[in-house]
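J.: Compact mmCIF, C-alpha atoms, saved as target_17.txt, coming up:
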```txt
# COMPACT_ATOMS: atom_id res chain seq x y z
CA MET M 1 -2.33 -43.82 28.27
CA SER M 2 -1.91 -42.63 24.71
CA PHE M 3 -2.03 -39.05 23.51
CA SER M 4 -2.86 -37.69 20.10
CA ASP M 5 -0.39 -35.52 18.25
CA GLU M 6 -2.80 -32.65 18.59
CA THR M 7 -2.92 -33.01 22.36
CA LEU M 8 0.83 -33.12 22.70
CA ALA M 9 1.19 -30.10 20.44
CA ALA M 10 -1.42 -28.27 22.48
CA TYR M 11 0.56 -29.11 25.59
CA VAL M 12 3.68 -27.54 24.08
CA ASP M 13 1.63 -24.52 23.07
CA GLY M 14 0.46 -24.06 26.65
CA GLU M 15 -3.17 -24.74 25.75
CA LEU M 16 -3.96 -27.54 28.19
CA ASP M 17 -5.39 -27.12 31.64
CA ALA M 18 -3.31 -28.10 34.64
CA ALA M 19 -4.75 -31.61 34.99
CA ALA M 20 -4.23 -32.53 31.35
CA ALA M 21 -0.73 -31.06 31.41
CA ALA M 22 0.09 -33.02 34.53
CA ALA M 23 -1.08 -36.25 32.88
CA ILE M 24 1.28 -35.63 29.98
CA GLU M 25 4.16 -34.76 32.26
CA GLN M 26 3.54 -37.97 34.15
CA ALA M 27 3.55 -39.93 30.88
CA MET M 28 6.74 -38.19 29.78
CA ARG M 29 8.51 -39.49 32.85
CA THR M 30 7.52 -43.08 32.21
CA ASP M 31 7.20 -43.26 28.44
CA PRO M 32 10.22 -42.16 26.40
CA GLY M 33 8.05 -42.20 23.28
CA VAL M 34 5.81 -39.48 24.67
CA ALA M 35 8.81 -37.50 25.88
CA GLN M 36 10.35 -37.72 22.45
CA ARG M 37 7.23 -36.54 20.65
CA VAL M 38 6.89 -33.59 23.04
CA ALA M 39 10.55 -32.75 22.55
CA ARG M 40 10.04 -32.70 18.81
CA TYR M 41 7.23 -30.15 19.04
CA ARG M 42 9.22 -28.10 21.49
CA ALA M 43 12.22 -28.11 19.22
CA LEU M 44 10.17 -26.86 16.29
CA ARG M 45 8.61 -24.08 18.32
CA GLY M 46 11.99 -23.09 19.73
CA ARG M 47 13.59 -23.13 16.34
CA LEU M 48 10.93 -20.89 14.83
CA GLN M 49 11.15 -18.41 17.67
CA GLU M 50 14.90 -18.31 17.48
CA ALA M 51 14.94 -17.85 13.72
CA TYR M 52 12.46 -14.99 13.88
CA ALA M 53 13.80 -13.24 16.98
CA PRO M 54 16.37 -11.04 15.17
CA GLU M 55 13.61 -9.27 13.23
CA LEU M 56 12.43 -7.72 16.47
CA ASP M 57 15.73 -5.90 16.81
CA GLU M 58 15.50 -4.13 13.49
CA PRO M 59 14.90 -0.41 13.84
CA VAL M 60 11.36 0.62 12.94
CA PRO M 61 11.34 2.98 9.94
CA GLU M 62 10.47 6.53 10.85
CA HIS M 63 7.56 6.73 8.47
CA LEU M 64 5.81 4.03 10.49
CA MET M 65 6.39 5.87 13.74
CA ALA M 66 5.07 8.98 12.03
CA ALA M 67 2.01 7.13 10.77
CA LEU M 68 1.28 6.12 14.31
CA ARG M 69 1.49 9.70 15.45
CA GLY M 70 -1.02 10.59 12.80
CA ALA M 71 1.48 12.69 10.92
CA GLU M 72 0.17 13.97 7.64
CA ALA M 73 3.19 14.36 5.38
CA PRO M 74 4.63 11.74 3.02
CA PRO M 75 7.52 9.86 4.53
CA SER M 76 10.30 9.83 2.01
CA ALA M 77 11.66 13.37 1.80
CA THR M 78 14.70 14.09 3.89
CA GLN M 79 13.12 17.36 4.89
CA THR M 80 10.09 15.72 6.42
CA ARG M 81 12.28 13.21 8.12
CA TRP M 82 14.09 16.05 9.81
CA ARG M 83 10.85 17.59 10.81
CA TYR M 84 9.73 14.35 12.37
CA ALA M 85 13.03 14.05 14.12
CA LEU M 86 12.70 17.52 15.59
CA ALA M 87 9.10 16.99 16.55
CA ALA M 88 9.80 13.64 18.11
CA GLY M 89 7.51 13.19 21.04
CA VAL M 90 7.04 10.54 23.66
CA LEU M 91 5.77 8.11 21.09
CA ILE M 92 8.79 8.07 18.83
CA ALA M 93 10.88 8.24 21.91
CA VAL M 94 9.37 5.06 23.24
CA GLY M 95 10.06 3.11 20.09
CA ALA M 96 13.37 4.52 19.02
CA GLY M 97 14.60 4.95 22.55
CA PHE M 98 13.69 1.41 23.33
CA LEU M 99 15.56 0.07 20.35
CA ALA M 100 18.61 2.17 21.08
CA TRP M 101 18.39 1.21 24.68
CA ARG M 102 18.07 -2.46 23.96
CA GLN M 103 21.05 -2.40 21.68
CA SER M 104 23.24 -0.76 24.26
CA HIS M 105 21.75 -2.29 27.40
CA PRO M 106 20.58 -5.78 26.70
CA GLY M 107 18.49 -7.16 29.49
CA VAL M 108 17.79 -3.89 31.31
CA ILE M 109 14.47 -3.41 29.61
CA GLU M 110 12.27 -6.08 28.19
CA SER M 111 9.07 -6.31 26.21
CA VAL M 112 6.52 -8.58 27.86
CA ASP M 113 3.38 -8.97 25.77
CA GLY M 114 3.86 -5.53 24.35
CA THR M 115 4.59 -3.91 27.68
CA LEU M 116 8.07 -2.64 28.38
CA VAL M 117 9.30 -3.76 31.75
CA ALA M 118 12.43 -2.69 33.65
CA ARG M 119 14.87 -5.38 34.62
CA GLY M 120 18.23 -5.68 36.30
CA SER M 121 20.01 -2.54 37.40
CA LEU M 122 17.21 -0.29 36.21
CA ALA M 123 14.54 -2.13 38.18
CA GLU M 124 16.89 -2.15 41.13
CA GLY M 125 17.38 1.60 40.95
CA LEU M 126 13.67 2.27 40.52
CA SER M 127 12.85 0.20 43.58
CA ASN M 128 15.60 1.36 45.89
CA GLN M 129 17.13 4.70 44.98
CA LEU M 130 15.73 7.97 46.22
CA SER M 131 15.31 10.86 43.85
CA GLY M 132 18.40 12.94 43.32
CA ASP M 133 20.66 10.51 45.12
CA VAL M 134 23.90 9.46 43.53
CA VAL M 135 24.61 5.82 44.11
CA PRO M 136 28.22 4.83 43.45
CA GLY M 137 28.40 2.26 40.68
CA SER M 138 24.87 2.93 39.47
CA GLU M 139 24.27 4.81 36.27
CA VAL M 140 20.59 5.18 37.13
CA ARG M 141 19.34 8.48 38.58
CA LEU M 142 15.84 9.05 39.79
CA GLY M 143 14.29 12.41 38.91
CA LEU M 144 10.98 12.59 40.71
CA SER M 145 8.35 10.28 42.10
CA PHE M 146 4.62 10.81 42.16
CA LEU M 147 1.29 9.15 42.60
CA ALA M 148 -0.45 8.84 39.23
CA LYS M 149 -4.14 9.33 38.59
CA SER M 150 -4.26 5.63 37.79
CA GLY M 151 -3.36 4.97 41.43
CA ASP M 152 0.18 3.74 40.74
CA TYR M 153 3.43 5.12 41.95
CA CYS M 154 5.48 6.39 39.05
CA ARG M 155 9.06 7.63 38.81
CA THR M 156 11.15 9.37 36.23
CA PHE M 157 14.63 8.06 35.72
CA SER M 158 17.63 8.97 33.68
CA ARG M 159 20.89 7.50 32.62
CA LEU M 160 23.71 8.93 30.58
CA LYS M 161 21.94 8.46 27.29
CA ASP M 162 18.34 7.70 28.16
CA ALA M 163 15.55 8.98 30.31
CA GLY M 164 12.08 7.72 30.95
CA LEU M 165 9.04 7.23 33.08
CA ALA M 166 8.21 3.99 34.89
CA CYS M 167 5.14 3.07 36.89
CA ARG M 168 4.82 0.29 39.42
CA ARG M 169 2.12 -2.12 38.33
CA ALA M 170 1.54 -5.72 39.30
CA GLY M 171 4.85 -5.95 41.09
CA ARG M 172 6.97 -4.72 38.21
CA TRP M 173 8.15 -1.44 36.75
CA GLU M 174 6.42 -0.74 33.46
CA ILE M 175 8.17 1.72 31.20
CA LEU M 176 5.59 4.15 29.88
CA ALA M 177 7.94 6.56 28.21
CA LEU M 178 11.52 6.38 27.12
CA THR M 179 13.65 8.82 25.22
CA ARG M 180 17.21 9.43 24.26
CA ARG M 181 18.85 12.27 26.13
CA GLN M 182 20.65 15.01 24.29
CA PRO M 183 24.27 15.10 25.40
CA ALA M 184 24.91 18.06 27.67
CA ALA M 185 27.03 20.89 26.35
CA GLY M 186 29.82 20.30 28.82
CA ALA M 187 30.65 16.63 28.71
CA ASP M 188 32.07 16.89 32.21
CA SER M 189 28.94 18.15 33.85
CA GLU M 190 26.72 15.71 31.99
CA PHE M 191 26.62 13.09 34.64
CA ARG M 192 26.37 15.46 37.52
CA THR M 193 23.25 17.10 36.17
CA ALA M 194 21.60 13.91 35.05
CA SER M 195 18.86 13.97 37.63
CA SER M 196 17.73 17.54 37.17
CA VAL M 197 17.51 17.70 33.40
CA MET M 198 14.55 15.63 32.35
CA PRO M 199 13.60 15.75 28.67
CA ALA M 200 10.48 17.79 28.00
CA ASP M 201 8.54 14.92 26.44
CA ILE M 202 8.98 12.83 29.56
CA LEU M 203 7.81 15.73 31.70
CA ALA M 204 4.81 16.11 29.42
CA ASP M 205 3.93 12.55 30.21
CA VAL M 206 4.36 13.20 33.93
CA GLU M 207 2.12 16.21 33.60
CA GLN M 208 -0.60 14.04 32.10
CA ARG M 209 -0.46 11.36 34.71
CA ILE M 210 0.35 13.07 37.96
CA ALA M 211 -2.26 13.35 40.70
CA GLY M 212 -1.19 16.21 42.98
CA GLY M 213 2.50 17.01 43.17
CA PRO M 214 5.79 15.12 43.29
CA LEU M 215 6.55 13.15 46.44
CA ASP M 216 8.93 14.78 48.85
CA ARG M 217 11.75 12.82 50.37
CA SER M 218 9.87 11.47 53.36
CA ALA M 219 6.92 10.47 51.18
CA GLU M 220 9.36 8.72 48.88
CA ILE M 221 10.90 6.82 51.76
CA ALA M 222 7.43 5.79 52.85
CA ALA M 223 6.53 4.66 49.33
CA ARG M 224 9.71 2.65 49.11
CA SER M 225 8.99 0.97 52.41
CA ARG M 226 5.70 -0.32 51.03
CA HIS M 227 7.46 -1.50 47.87
CA TRP M 228 5.78 1.19 45.76
CA ASP M 229 2.45 -0.51 46.18
CA VAL M 230 -0.30 1.82 47.40
CA ASN M 231 -2.29 -1.11 48.69
CA ARG M 232 0.36 -2.14 51.14
CA PRO M 233 0.49 -0.64 54.57
CA ILE M 234 3.47 1.49 55.47
CA PRO M 235 5.51 -0.53 57.93
CA GLU M 236 5.99 1.03 61.35
CA THR M 237 9.47 2.38 61.75
CA PRO M 238 11.00 2.92 65.16
CA MET R 1 16.85 19.90 47.03
CA GLY R 2 16.89 22.47 44.21
CA GLY R 3 16.72 20.22 41.15
CA ARG R 4 14.09 17.90 42.43
CA LYS R 5 11.72 20.50 43.78
CA VAL R 6 10.99 21.95 40.38
CA THR R 7 7.28 21.66 39.86
CA VAL R 8 6.30 19.84 36.72
CA GLN R 9 3.45 22.21 36.04
CA THR R 10 5.87 24.80 34.78
CA TYR R 11 7.03 22.68 31.89
CA LEU R 12 4.38 21.91 29.38
CA PRO R 13 0.86 22.50 28.19
CA MET R 14 -1.61 20.00 29.52
CA ASN R 15 -2.50 17.20 27.18
CA THR R 16 -5.51 15.30 28.40
CA THR R 17 -5.73 12.48 25.87
CA GLY R 18 -4.58 10.02 28.47
CA THR R 19 -5.98 6.74 27.28
CA PRO R 20 -5.52 6.94 23.50
CA GLU R 21 -1.97 8.17 24.04
CA ASN R 22 -1.29 5.22 26.24
CA VAL R 23 -2.62 2.87 23.55
CA ARG R 24 -0.44 4.54 20.96
CA GLU R 25 2.58 3.95 23.12
CA GLN R 26 1.68 0.32 23.41
CA ILE R 27 1.20 0.04 19.67
CA ALA R 28 4.61 1.65 19.21
CA ALA R 29 6.09 -1.08 21.35
CA LEU R 30 4.30 -3.67 19.22
CA LEU R 31 5.66 -2.35 15.93
CA PRO R 32 8.53 -4.81 15.59
CA ARG R 33 6.10 -7.70 16.01
CA LEU R 34 3.58 -6.18 13.62
CA ARG R 35 6.28 -5.88 10.98
CA ARG R 36 7.41 -9.43 11.55
CA PHE R 37 3.86 -10.73 11.28
CA ALA R 38 3.28 -8.68 8.14
CA ARG R 39 6.38 -10.15 6.55
CA ASN R 40 5.12 -13.63 7.18
CA LEU R 41 1.80 -12.55 5.79
CA THR R 42 3.03 -10.87 2.63
CA ARG R 43 6.40 -12.60 2.20
CA ASN R 44 7.76 -9.31 1.00
CA PRO R 45 9.32 -6.72 3.34
CA HIS R 46 8.14 -3.75 1.27
CA ASP R 47 4.56 -4.94 1.12
CA ALA R 48 4.84 -5.72 4.81
CA ASP R 49 5.72 -2.14 5.77
CA ASP R 50 3.05 -0.77 3.44
CA VAL R 51 0.46 -2.94 5.08
CA VAL R 52 1.63 -2.04 8.57
CA GLN R 53 1.36 1.62 7.68
CA ILE R 54 -2.18 1.21 6.42
CA ALA R 55 -3.04 -0.76 9.53
CA LEU R 56 -1.63 1.95 11.79
CA GLU R 57 -3.68 4.59 10.04
CA ARG R 58 -6.81 2.50 10.41
CA ALA R 59 -6.08 1.68 14.03
CA LEU R 60 -5.76 5.38 14.85
CA THR R 61 -9.25 6.03 13.58
CA ARG R 62 -10.60 3.19 15.71
CA LEU R 63 -8.73 3.57 18.96
CA ASP R 64 -12.05 3.98 20.72
CA GLN R 65 -13.12 0.55 19.50
CA TRP R 66 -10.34 -1.23 21.31
CA ARG R 67 -11.42 -2.48 24.71
CA PRO R 68 -8.70 -2.68 27.35
CA ASP R 69 -9.74 -6.21 28.26
CA ALA R 70 -8.91 -7.36 24.72
CA ARG R 71 -5.37 -8.11 23.71
CA LEU R 72 -3.91 -5.24 21.81
CA ASP R 73 -1.56 -7.44 19.80
CA SER R 74 -4.41 -9.62 18.52
CA TRP R 75 -6.42 -6.55 17.68
CA MET R 76 -3.54 -5.09 15.69
CA PHE R 77 -2.70 -8.37 13.96
CA LYS R 78 -6.25 -8.56 12.76
CA ILE R 79 -6.16 -5.03 11.41
CA VAL R 80 -2.90 -5.83 9.63
CA ARG R 81 -4.36 -8.96 8.11
CA ASN R 82 -7.51 -7.20 6.96
CA ALA R 83 -5.43 -4.41 5.48
CA TRP R 84 -3.55 -6.99 3.48
CA ILE R 85 -6.69 -8.68 2.25
CA ASP R 86 -8.03 -5.32 1.10
CA GLU R 87 -4.71 -4.49 -0.45
CA ILE R 88 -4.63 -7.69 -2.46
CA ARG R 89 -8.14 -7.05 -3.63
CA SER R 90 -7.50 -3.50 -4.66
CA ARG R 91 -4.28 -4.28 -6.40
CA GLY R 92 -5.88 -7.22 -8.12
CA ARG R 93 -2.67 -9.09 -8.09
CA ARG R 94 -3.36 -12.09 -6.01
CA ASN R 95 -1.67 -14.38 -8.49
CA ARG R 96 1.52 -12.44 -8.47
CA ILE R 97 1.63 -12.47 -4.72
CA PHE R 98 1.26 -16.16 -4.34
CA ALA R 99 3.94 -16.92 -6.86
CA GLY R 100 5.87 -13.71 -6.31
CA PRO R 101 9.56 -13.55 -7.17
CA GLU R 102 10.11 -11.91 -3.80
CA ALA R 103 9.08 -15.09 -2.11
CA GLY R 104 12.49 -16.40 -2.98
CA GLU R 105 14.28 -13.48 -1.44
CA ASN R 106 15.20 -15.20 1.75
CA VAL R 107 15.45 -18.64 0.28
CA GLY R 108 18.93 -19.96 -0.22
CA GLU R 109 19.32 -21.79 -3.48
CA SER R 110 20.84 -24.75 -1.73
CA SER R 111 18.38 -24.64 1.08
CA ILE R 112 18.23 -28.41 1.18
CA GLU R 113 21.83 -28.38 2.27
CA ARG R 114 21.06 -25.79 4.90
CA GLU R 115 23.84 -23.28 5.02
CA SER R 116 22.44 -22.07 8.28
CA ASP R 117 19.56 -23.06 10.43
CA LEU R 118 18.08 -19.61 10.32
CA LEU R 119 17.91 -19.46 6.56
CA SER R 120 16.28 -22.80 6.28
CA VAL R 121 13.56 -21.96 8.79
CA HIS R 122 12.60 -18.86 6.79
CA ALA R 123 12.79 -20.84 3.57
CA ALA R 124 10.59 -23.57 4.95
CA MET R 125 8.06 -21.05 6.25
CA SER R 126 7.84 -19.27 2.92
CA ARG R 127 6.93 -22.56 1.27
CA LEU R 128 3.95 -23.20 3.48
CA PRO R 129 0.52 -22.44 2.05
CA GLU R 130 -0.74 -19.15 3.38
CA GLU R 131 -3.34 -20.70 5.66
CA GLN R 132 -0.79 -22.83 7.43
CA ARG R 133 1.81 -20.10 7.46
CA MET R 134 -0.58 -17.75 9.23
CA ALA R 135 -1.50 -20.32 11.87
CA VAL R 136 2.16 -21.12 12.51
CA SER R 137 3.12 -17.47 12.51
CA LEU R 138 0.51 -16.41 15.04
CA VAL R 139 0.78 -19.35 17.41
CA LEU R 140 4.37 -20.55 17.22
CA ILE R 141 6.17 -17.31 16.44
CA GLU R 142 3.98 -14.57 17.89
CA GLY R 143 2.87 -16.78 20.77
CA LEU R 144 -0.85 -16.14 20.63
CA PRO R 145 -3.23 -18.55 22.34
CA TYR R 146 -5.31 -20.65 19.92
CA LYS R 147 -8.42 -18.69 20.73
CA GLU R 148 -6.78 -15.37 19.89
CA ALA R 149 -5.16 -16.68 16.72
CA ALA R 150 -8.47 -18.12 15.54
CA GLU R 151 -10.09 -14.77 16.11
CA VAL R 152 -7.41 -12.90 14.17
CA LEU R 153 -7.92 -15.25 11.24
CA GLU R 154 -11.68 -15.31 11.70
CA ILE R 155 -11.88 -19.08 11.71
CA PRO R 156 -13.12 -21.64 14.27
CA ILE R 157 -10.53 -23.01 16.69
CA GLY R 158 -10.83 -26.48 15.16
CA THR R 159 -9.85 -25.08 11.79
CA LEU R 160 -6.94 -23.28 13.35
CA THR R 161 -5.60 -26.36 15.08
CA SER R 162 -5.85 -28.48 11.97
CA ARG R 163 -4.02 -25.84 9.91
CA LEU R 164 -1.47 -25.64 12.65
CA ALA R 165 -1.03 -29.42 12.66
CA ARG R 166 -0.54 -29.52 8.91
CA GLY R 167 1.86 -26.61 9.07
CA ARG R 168 3.90 -28.29 11.78
CA GLU R 169 4.03 -31.50 9.85
CA ALA R 170 5.18 -29.76 6.69
CA LEU R 171 7.84 -27.80 8.57
CA GLN R 172 9.14 -30.87 10.29
CA ALA R 173 9.33 -32.65 6.96
CA MET R 174 11.38 -29.77 5.55
CA LEU R 175 13.55 -29.07 8.57
CA GLU R 176 14.27 -32.43 10.09
CA PRO R 177 16.46 -35.04 8.47
CA PRO R 178 14.34 -37.94 7.22
CA ALA R 179 13.97 -40.66 9.82
CA GLY R 180 16.56 -43.35 9.25
CA GLY R 181 18.36 -41.25 6.64
CA THR R 182 21.28 -39.90 8.59
CA THR R 183 21.55 -41.21 12.08
```
Can you turn what I pasted into structure tokens?

T.:
Amino acid sequence: MSFSDETLAAYVDGELDAAAAAAIEQAMRTDPGVAQRVARYRALRGRLQEAYAPELDEPVPEHLMAALRGAEAPPSATQTRWRYALAAGVLIAVGAGFLAWRQSHPGVIESVDGTLVARGSLAEGLSNQLSGDVVPGSEVRLGLSFLAKSGDYCRTFSRLKDAGLACRRAGRWEILALTRRQPAAGADSEFRTASSVMPADILADVEQRIAGGPLDRSAEIAARSRHWDVNRPIPETP
Amino acid sequence: MGGRKVTVQTYLPMNTTGTPENVREQIAALLPRLRRFARNLTRNPHDADDVVQIALERALTRLDQWRPDARLDSWMFKIVRNAWIDEIRSRGRRNRIFAGPEAGENVGESSIERESDLLSVHAAMSRLPEEQRMAVSLVLIEGLPYKEAAEVLEIPIGTLTSRLARGREALQAMLEPPAGGTT
């Protein structure tokens, strides 16, 4: 069976249905020529993505974040920049916090189709830790958990330098807000108080989303036992 | 349980713009990609940020037009592209843009010798005609499905795939050693 260049390229681009893709995969196993042509398209795609990946790590200029917030003032003056910095809300926090976070914690948070998703130790903490608990070896603290109006379980979390809000959707923790934390006055007490001092912009977000009040400890344990999915039954515990 | 029992209600005034705020957050997360796309579009980082800014301002006035079942990235890419088209028109400098000195900014002089892979990929991209560059940018770099990319560019899918094919061919010719040349 022979395949056009366009078909093989479409295969590499993920545009073929399962049957057509399977036919190509079959051909790739038996026909080195097909395999080679596919590899060539893959290599080009991979090379482009690799070459353009570093641009995603560049910090977004503040005037763009301000434009998104609908800020009125011109961007260049240092004065206005300070004002923006002081007025930084959840929005700036999400962008700037994310970039700062990603630089210092590669892999803990990831952008999937424009949605920020918790990974690794953060996802682990969000799924397993109870609010206020200190888990040895984990930098993640959980502030409070609640049921959102959207019907999802959401939790606030904090680390030494960051804090945020994550909601459980489609089996993953989506980060809906993220902000840098101001260092506490006493460096010593910083870590100890991590769970109780939640930045105001994160709490504003909680305020918007919460249905009812925060979960208490037993409600949290119940939510955890159903994997933070309201559609799952709570398992019977002896 | 002191710290945790604090009720959130005590903290802040209620803000009830739930959905638009959520969209803004998502757009904020898209900003690095919007800038990257705009650079491929304009081939000039300053123009790119200008165009992204215009697009953000426009998007804010149309947040209610975005339907949650549509992809937000495609929607924003399209606004960016339209902002650029309007910008070119209003500046009346199409000629300068297509032969702009900035186009050479990322191009190494000895790009044929390829000092680094990364440089040569950018150089090769900047040499593609705009039509092909846009198709490659949206599909191969930004990862949009054909259907979405065609919609952003407002062309039929068949046109998209043929531009894409020509763009691929041109890139391969620039980036891969000639067959039989060096083995």

J.: Pick the closest to chain M from R:Met76, R:Leu140, R:Ala149, R:Ala124: which is it, counting only C-alpha atoms?

T.: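 Ranking R:Met76, R:Leu140, R:Ala149, R:Ala124 by distance to chain M, first place goes to R:Leu140.
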
J.: Check the smallest atom-to-atom distance from each of R:Glu148, R:Glu142, R:Asp47, R:Glu169 to R:Ile85 using only C-alpha atoms, then report the winner.

T.: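 Of all the options, R:Asp47 lies closest to R:Ile85.
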
J.: Using all atoms listed in the file, find the residues of chain M whose closest atom to chain R is at most 8 Å away, then write them as a PDB file with C-alpha atoms, in the frame of the given file.

T.:
```
ATOM      1  CA  GLU M   6      -2.800 -32.650  18.590  1.00  0.00           C
ATOM      2  CA  ASP M  13       1.630 -24.520  23.070  1.00  0.00           C
ATOM      3  CA  GLY M  14       0.460 -24.060  26.650  1.00  0.00           C
ATOM      4  CA  GLU M  15      -3.170 -24.740  25.750  1.00  0.00           C
ATOM      5  CA  LEU M  44      10.170 -26.860  16.290  1.00  0.00           C
ATOM      6  CA  ARG M  45       8.610 -24.080  18.320  1.00  0.00           C
ATOM      7  CA  ARG M  47      13.590 -23.130  16.340  1.00  0.00           C
ATOM      8  CA  LEU M  48      10.930 -20.890  14.830  1.00  0.00           C
ATOM      9  CA  GLN M  49      11.150 -18.410  17.670  1.00  0.00           C
ATOM     10  CA  GLU M  50      14.900 -18.310  17.480  1.00  0.00           C
ATOM     11  CA  ALA M  51      14.940 -17.850  13.720  1.00  0.00           C
ATOM     12  CA  TYR M  52      12.460 -14.990  13.880  1.00  0.00           C
ATOM     13  CA  GLU M  55      13.610  -9.270  13.230  1.00  0.00           C
ATOM     14  CA  LEU M  56      12.430  -7.720  16.470  1.00  0.00           C
ATOM     15  CA  ASP M  57      15.730  -5.900  16.810  1.00  0.00           C
ATOM     16  CA  GLU M  58      15.500  -4.130  13.490  1.00  0.00           C
ATOM     17  CA  PRO M  59      14.900  -0.410  13.840  1.00  0.00           C
ATOM     18  CA  VAL M  60      11.360   0.620  12.940  1.00  0.00           C
ATOM     19  CA  LEU M  64       5.810   4.030  10.490  1.00  0.00           C
ATOM     20  CA  MET M  65       6.390   5.870  13.740  1.00  0.00           C
ATOM     21  CA  ALA M  67       2.010   7.130  10.770  1.00  0.00           C
ATOM     22  CA  LEU M  68       1.280   6.120  14.310  1.00  0.00           C
ATOM     23  CA  ARG M  69       1.490   9.700  15.450  1.00  0.00           C
ATOM     24  CA  GLY M  70      -1.020  10.590  12.800  1.00  0.00           C
ATOM     25  CA  VAL M  90       7.040  10.540  23.660  1.00  0.00           C
ATOM     26  CA  LEU M  91       5.770   8.110  21.090  1.00  0.00           C
ATOM     27  CA  ILE M  92       8.790   8.070  18.830  1.00  0.00           C
ATOM     28  CA  VAL M  94       9.370   5.060  23.240  1.00  0.00           C
ATOM     29  CA  GLY M  95      10.060   3.110  20.090  1.00  0.00           C
ATOM     30  CA  SER M 111       9.070  -6.310  26.210  1.00  0.00           C
ATOM     31  CA  ASP M 113       3.380  -8.970  25.770  1.00  0.00           C
ATOM     32  CA  GLY M 114       3.860  -5.530  24.350  1.00  0.00           C
ATOM     33  CA  THR M 115       4.590  -3.910  27.680  1.00  0.00           C
ATOM     34  CA  LEU M 116       8.070  -2.640  28.380  1.00  0.00           C
ATOM     35  CA  SER M 131      15.310  10.860  43.850  1.00  0.00           C
ATOM     36  CA  GLY M 132      18.400  12.940  43.320  1.00  0.00           C
ATOM     37  CA  GLY M 143      14.290  12.410  38.910  1.00  0.00           C
ATOM     38  CA  LEU M 144      10.980  12.590  40.710  1.00  0.00           C
ATOM     39  CA  LEU M 176       5.590   4.150  29.880  1.00  0.00           C
ATOM     40  CA  ALA M 177       7.940   6.560  28.210  1.00  0.00           C
ATOM     41  CA  SER M 195      18.860  13.970  37.630  1.00  0.00           C
ATOM     42  CA  SER M 196      17.730  17.540  37.170  1.00  0.00           C
ATOM     43  CA  ALA M 200      10.480  17.790  28.000  1.00  0.00           C
ATOM     44  CA  LEU M 203       7.810  15.730  31.700  1.00  0.00           C
ATOM     45  CA  ALA M 204       4.810  16.110  29.420  1.00  0.00           C
ATOM     46  CA  VAL M 206       4.360  13.200  33.930  1.00  0.00           C
ATOM     47  CA  GLU M 207       2.120  16.210  33.600  1.00  0.00           C
ATOM     48  CA  GLN M 208      -0.600  14.040  32.100  1.00  0.00           C
ATOM     49  CA  ARG M 209      -0.460  11.360  34.710  1.00  0.00           C
ATOM     50  CA  GLY M 213       2.500  17.010  43.170  1.00  0.00           C
ATOM     51  CA  PRO M 214       5.790  15.120  43.290  1.00  0.00           C
TER      52      PRO M 214
END
```

J.: Could you please determine the separation between atom CA of R:Ala135 and atom CA of M:Arg40 in Å, to one decimal place?

T.: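 Between these atoms lies a distance of 18.3 Å.
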
J.: If you measure from atom CA of R:Val152 to atom CA of R:Phe77, what distance in Å do you get, rounded to one decimal?

T.: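 Calculated distance between atom CA of R:Val152 and atom CA of R:Phe77 is 6.5 Å.
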
J.: Just checking: using all atoms listed in the file, which residue out of M:Asp201, M:Glu124, M:Asp152, M:Asp5 ends up closest to M:Val38?

T.: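 Counting all atoms listed in the file, the residue closest to M:Val38 is M:Asp5.
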
J.: Might you pull out every residue within 6 Å of R:Gln132, with only C-alpha atoms counted and same-chain residues fewer than 2 positions away left off, and present them as a PyMOL selection string?

T.: chain R and resi 129-130+134-135+163-164+167

J.: Limited to C-alpha atoms, could you put the picked residues into a file as a CSV table (one decimal), in the frame of the given file?

T.:
```csv
chain,number,residue,atom,x,y,z
R,129,PRO,CA,0.5,-22.4,2.0
R,130,GLU,CA,-0.7,-19.2,3.4
R,134,MET,CA,-0.6,-17.8,9.2
R,135,ALA,CA,-1.5,-20.3,11.9
R,163,ARG,CA,-4.0,-25.8,9.9
R,164,LEU,CA,-1.5,-25.6,12.6
R,167,GLY,CA,1.9,-26.6,9.1
```
